[in-house]
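Undergrad: Mind looking over this structure? Questions follow.
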Amino acid sequence: MRMTSALPRTATLPPPLDTRYQVETPEGIDLPLRPAGLMPRVLAFAIDLGVRGLVLGLLFIALALLGKLGIGLGSVLLFLVSWWYMVLFEVLNQGCSPGKQLMRLRVVHDDGTPVGWSASLIRNLLRFVDMLPFGYSLGAISCLQHPTFKRLGDIAAGTLVIYQEQAVTRPQIPQALALHPPFALTLNEQRAVLGFAERQAELSSERVNELAGILAEPLHVSPPHAVAKLNGIARRLLGPT
């Protein structure tokens, strides 16, 4: 008797998990964004909560010296800090409050553009809904269920909390006199020479000489001076820096 598969032939595997969020700019360029999950956002909020508590504590100590006037000013100050702290930082500091800055997070619109006043106000005013019934329960459930980890305030405001992308710096190549290659190099050959020059700092001298010997023959470079000449060709390919 022939064994048959437990799954029907038409069954397909589920797509792989991917936390990247793709948006298309008006210029037609695909911009990948990385939405931040629940834990880094909780840590960022805890840091901001500590900063606010410290600032308010220091100000309340000073206002206590003013008696009833200080109590009135303290109430106004408590309202302003509680509701405008996040908004001002998000709008005026490229979507980053101090807590988000430390956790390398930022708030943007769904299309990747910087968050504006109305969107920031909506997402922060709706925190009281996310806090229901206690301890950010609704907000946590929403984050865990949403494909891009949005809490209810983000859904209403059309905003997204993402990781800040770090600028990629090109590896440095050794200092050398720029040399013309012996003939026109193909794209793959150019990549091989540049890759050799960029990786030298990570390799032992024996490995550097071994790789230089491999590249020397097809490029018609004499093996005894292969490393210096390959670095010179790489410098020429890279151009002024």
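Identifiers in this document derive from the order of the structure tokens: chains are assigned A, B, ..., residues are numbered from 1 separately in each chain, and ligands are numbered from 1 in order of occurrence.
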I'd like the contact shell of A:Leu138 - 8 Å cut-off, only C-alpha atoms, skipping same-chain residues fewer than 5 positions apart - returned as a VMD selection string.
TA: chain A and resid 129 to 133 151 to 152
Undergrad: Write out the residues from the selection above, keeping C-alpha atoms, as a short mmCIF file (atom, residue, chain, number, x, y, z; two decimals), in the first residue's frame.
TA:
```
data_model
loop_
_atom_site.label_atom_id
_atom_site.label_comp_id
_atom_site.auth_asym_id
_atom_site.auth_seq_id
_atom_site.Cartn_x
_atom_site.Cartn_y
_atom_site.Cartn_z
CA VAL A 129 -7.96 54.24 26.74
CA ASP A 130 -4.84 52.06 26.41
CA MET A 131 -4.48 52.13 30.21
CA LEU A 132 -7.90 50.52 30.74
CA PRO A 133 -8.87 48.60 32.75
CA ARG A 151 -1.53 50.29 20.46
CA LEU A 152 -5.00 51.82 20.14
#
```
Undergrad: Skip A:His109 itself and residues of its chain fewer than 6 positions away, then list as a list in words all residues within 9 Å of it, counting only C-alpha atoms.
TA: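 Here the answer would be Val115, Gly116, Ala119, Ala157, Gly158, Thr159, Leu160 and Val161 of chain A.
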Undergrad: Deliver the residues from the most recent selection as a file, using C-alpha atoms, as a compact mmCIF listing (two decimals), in the first residue's frame.
TA:
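Now in again.txt:
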```txt
# COMPACT_ATOMS: atom_id res chain seq x y z
CA VAL A 115 4.96 62.78 13.14
CA GLY A 116 2.94 66.03 13.31
CA ALA A 119 -1.18 62.79 15.18
CA ALA A 157 -3.54 58.51 14.93
CA GLY A 158 -2.06 56.57 12.01
CA THR A 159 1.36 56.43 13.65
CA LEU A 160 4.03 53.79 14.02
CA VAL A 161 6.85 53.34 16.55
```
Undergrad: Quick check for you: according to DSSP on this backbone, which residues of stretch 20-199 of chain A are classed as strand (DSSP E)? Reply as a ChimeraX atom specification.
TA: /A:21-24,30-33,105-109,159-163
Undergrad: Write the residues you've just listed into a file as a PDB file, in the first residue's frame, and include N, CA and C atoms for each of them.
TA:
```pdb
ATOM      1  N   TYR A  21       8.231  46.617   7.903  1.00  0.00           N
ATOM      2  CA  TYR A  21       7.051  47.292   7.367  1.00  0.00           C
ATOM      3  C   TYR A  21       7.513  48.102   6.168  1.00  0.00           C
ATOM      4  N   GLN A  22       6.947  47.813   4.991  1.00  0.00           N
ATOM      5  CA  GLN A  22       7.415  48.425   3.755  1.00  0.00           C
ATOM      6  C   GLN A  22       6.479  49.544   3.343  1.00  0.00           C
ATOM      7  N   VAL A  23       7.026  50.724   3.075  1.00  0.00           N
ATOM      8  CA  VAL A  23       6.244  51.836   2.546  1.00  0.00           C
ATOM      9  C   VAL A  23       6.910  52.317   1.271  1.00  0.00           C
ATOM     10  N   GLU A  24       6.121  52.935   0.411  1.00  0.00           N
ATOM     11  CA  GLU A  24       6.640  53.461  -0.850  1.00  0.00           C
ATOM     12  C   GLU A  24       6.585  54.974  -0.820  1.00  0.00           C
ATOM     13  N   ASP A  30      11.008  52.050  -2.305  1.00  0.00           N
ATOM     14  CA  ASP A  30      10.542  51.235  -1.189  1.00  0.00           C
ATOM     15  C   ASP A  30      11.383  51.543   0.046  1.00  0.00           C
ATOM     16  N   LEU A  31      10.708  51.892   1.138  1.00  0.00           N
ATOM     17  CA  LEU A  31      11.399  52.251   2.374  1.00  0.00           C
ATOM     18  C   LEU A  31      11.055  51.226   3.448  1.00  0.00           C
ATOM     19  N   PRO A  32      11.998  50.360   3.840  1.00  0.00           N
ATOM     20  CA  PRO A  32      11.703  49.371   4.886  1.00  0.00           C
ATOM     21  C   PRO A  32      11.831  49.994   6.273  1.00  0.00           C
ATOM     22  N   LEU A  33      10.826  49.791   7.122  1.00  0.00           N
ATOM     23  CA  LEU A  33      10.830  50.270   8.497  1.00  0.00           C
ATOM     24  C   LEU A  33      10.726  49.071   9.428  1.00  0.00           C
ATOM     25  N   LEU A 105      14.324  54.411  19.529  1.00  0.00           N
ATOM     26  CA  LEU A 105      13.015  54.325  18.899  1.00  0.00           C
ATOM     27  C   LEU A 105      12.585  55.715  18.451  1.00  0.00           C
ATOM     28  N   ARG A 106      11.630  55.763  17.542  1.00  0.00           N
ATOM     29  CA  ARG A 106      11.039  57.042  17.144  1.00  0.00           C
ATOM     30  C   ARG A 106       9.637  56.805  16.618  1.00  0.00           C
ATOM     31  N   VAL A 107       8.818  57.859  16.684  1.00  0.00           N
ATOM     32  CA  VAL A 107       7.441  57.795  16.194  1.00  0.00           C
ATOM     33  C   VAL A 107       7.374  58.455  14.823  1.00  0.00           C
ATOM     34  N   VAL A 108       6.705  57.796  13.872  1.00  0.00           N
ATOM     35  CA  VAL A 108       6.514  58.353  12.539  1.00  0.00           C
ATOM     36  C   VAL A 108       5.069  58.097  12.114  1.00  0.00           C
ATOM     37  N   HIS A 109       4.647  58.775  11.042  1.00  0.00           N
ATOM     38  CA  HIS A 109       3.369  58.443  10.420  1.00  0.00           C
ATOM     39  C   HIS A 109       3.477  57.087   9.734  1.00  0.00           C
ATOM     40  N   THR A 159      -0.069  56.306  13.366  1.00  0.00           N
ATOM     41  CA  THR A 159       1.359  56.428  13.652  1.00  0.00           C
ATOM     42  C   THR A 159       1.974  55.050  13.891  1.00  0.00           C
ATOM     43  N   LEU A 160       3.287  55.037  13.891  1.00  0.00           N
ATOM     44  CA  LEU A 160       4.034  53.795  14.020  1.00  0.00           C
ATOM     45  C   LEU A 160       5.292  54.082  14.830  1.00  0.00           C
ATOM     46  N   VAL A 161       5.609  53.219  15.789  1.00  0.00           N
ATOM     47  CA  VAL A 161       6.852  53.342  16.552  1.00  0.00           C
ATOM     48  C   VAL A 161       7.860  52.383  15.933  1.00  0.00           C
ATOM     49  N   ILE A 162       8.988  52.935  15.474  1.00  0.00           N
ATOM     50  CA  ILE A 162       9.978  52.135  14.754  1.00  0.00           C
ATOM     51  C   ILE A 162      11.347  52.267  15.412  1.00  0.00           C
ATOM     52  N   TYR A 163      12.235  51.357  15.054  1.00  0.00           N
ATOM     53  CA  TYR A 163      13.631  51.460  15.462  1.00  0.00           C
ATOM     54  C   TYR A 163      14.337  52.483  14.585  1.00  0.00           C
TER      55      TYR A 163
END
```
Undergrad: Residues within 10 Å of A:Trp84, please, as an MDAnalysis selection string. Count only C-alpha atoms; anything in the same chain fewer than 3 positions from it doesn't count.
TA: chainID A and resid 78:81 87:90 120:121 124:125
Undergrad: Could you go through stretch 35-111 of chain A and tell me which residues DSSP, when run on the backbone, assigns to helix (DSSP H, G or I), listing them as a compact mmCIF listing (two decimals) with C-alpha atoms, in the first residue's frame?
TA:
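Output file part-v2.txt is given in full below:
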```txt
# COMPACT_ATOMS: atom_id res chain seq x y z
CA LEU A 38 6.06 45.72 23.22
CA MET A 39 9.11 45.33 25.48
CA PRO A 40 11.33 48.15 24.11
CA ARG A 41 8.31 50.45 24.15
CA VAL A 42 7.54 49.56 27.76
CA LEU A 43 11.14 50.28 28.74
CA ALA A 44 11.09 53.60 26.87
CA PHE A 45 7.84 54.60 28.60
CA ALA A 46 9.28 53.63 32.00
CA ILE A 47 12.31 55.85 31.38
CA ASP A 48 10.06 58.76 30.38
CA LEU A 49 7.91 58.17 33.44
CA GLY A 50 11.01 58.36 35.63
CA VAL A 51 12.18 61.57 33.95
CA ARG A 52 8.79 63.20 34.42
CA GLY A 53 8.63 62.10 38.04
CA LEU A 54 12.08 63.53 38.74
CA VAL A 55 11.29 66.87 37.07
CA LEU A 56 7.93 67.21 38.82
CA GLY A 57 9.42 66.24 42.17
CA LEU A 58 12.08 68.95 41.96
CA LEU A 59 9.58 71.58 40.83
CA PHE A 60 7.06 70.66 43.53
CA ILE A 61 9.74 71.12 46.19
CA ALA A 62 10.34 74.65 44.91
CA LEU A 63 6.62 75.42 44.55
CA ALA A 64 5.91 74.22 48.10
CA LEU A 65 7.59 77.40 49.34
CA LEU A 66 4.84 79.49 47.71
CA LYS A 68 -1.46 77.99 48.14
CA LEU A 69 -0.14 79.70 45.03
CA GLY A 70 2.40 76.93 44.71
CA ILE A 71 -0.33 74.30 44.98
CA GLY A 72 -2.26 75.96 42.14
CA LEU A 73 0.81 76.28 39.95
CA GLY A 74 1.74 72.69 40.76
CA SER A 75 -1.66 71.46 39.53
CA VAL A 76 -1.25 73.33 36.24
CA LEU A 77 2.30 72.05 35.92
CA LEU A 78 1.21 68.46 36.58
CA PHE A 79 -1.37 68.72 33.77
CA LEU A 80 1.09 70.25 31.31
CA VAL A 81 3.87 67.75 31.97
CA SER A 82 1.53 64.75 32.01
CA TRP A 83 -0.11 65.52 28.66
CA TRP A 84 2.41 67.63 26.74
CA TYR A 85 5.74 66.03 27.65
CA MET A 86 5.44 63.32 24.98
CA VAL A 87 3.84 65.58 22.36
CA LEU A 88 6.51 68.27 22.53
CA PHE A 89 9.39 65.81 22.37
CA GLU A 90 7.84 63.73 19.57
CA VAL A 91 7.09 66.73 17.34
CA LEU A 92 10.15 68.86 18.11
CA PRO A 98 14.20 60.86 26.09
CA GLY A 99 13.08 57.28 26.73
CA LYS A 100 12.70 56.53 23.03
CA GLN A 101 16.05 58.16 22.36
CA LEU A 102 17.78 55.81 24.81
```
Undergrad: Which distance in Å separates atom CA of A:Asn209 and atom CA of A:His225, to one decimal?
TA: 9.8 Å
Undergrad: Measuring between only C-alpha atoms, which one of A:Arg191, A:Arg34, A:Arg207, A:His220 shows the shortest distance to A:Gly112?
TA: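 Smallest distance to A:Gly112 is found for A:Arg34.
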Undergrad: When you draw a straight line from atom CA of A:Tyr136 to atom CA of A:Gln164, how long is it in Å?
TA: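 Going from atom CA of A:Tyr136 over to atom CA of A:Gln164 covers 24.3 Å.
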Undergrad: With only C-alpha atoms as the atoms that count, which of A:Pro182, A:Pro171, A:Pro35, A:Gly213 lies nearest to A:Gly195?
TA: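 Between A:Pro182, A:Pro171, A:Pro35, A:Gly213, the residue approaching A:Gly195 most closely is A:Pro171.
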Undergrad: May I have the residues within 9 Å of A:Ala201 as a PyMOL selection string, using only C-alpha atoms and disregarding those fewer than 5 positions away in the same chain?
TA: chain A and resi 172-174
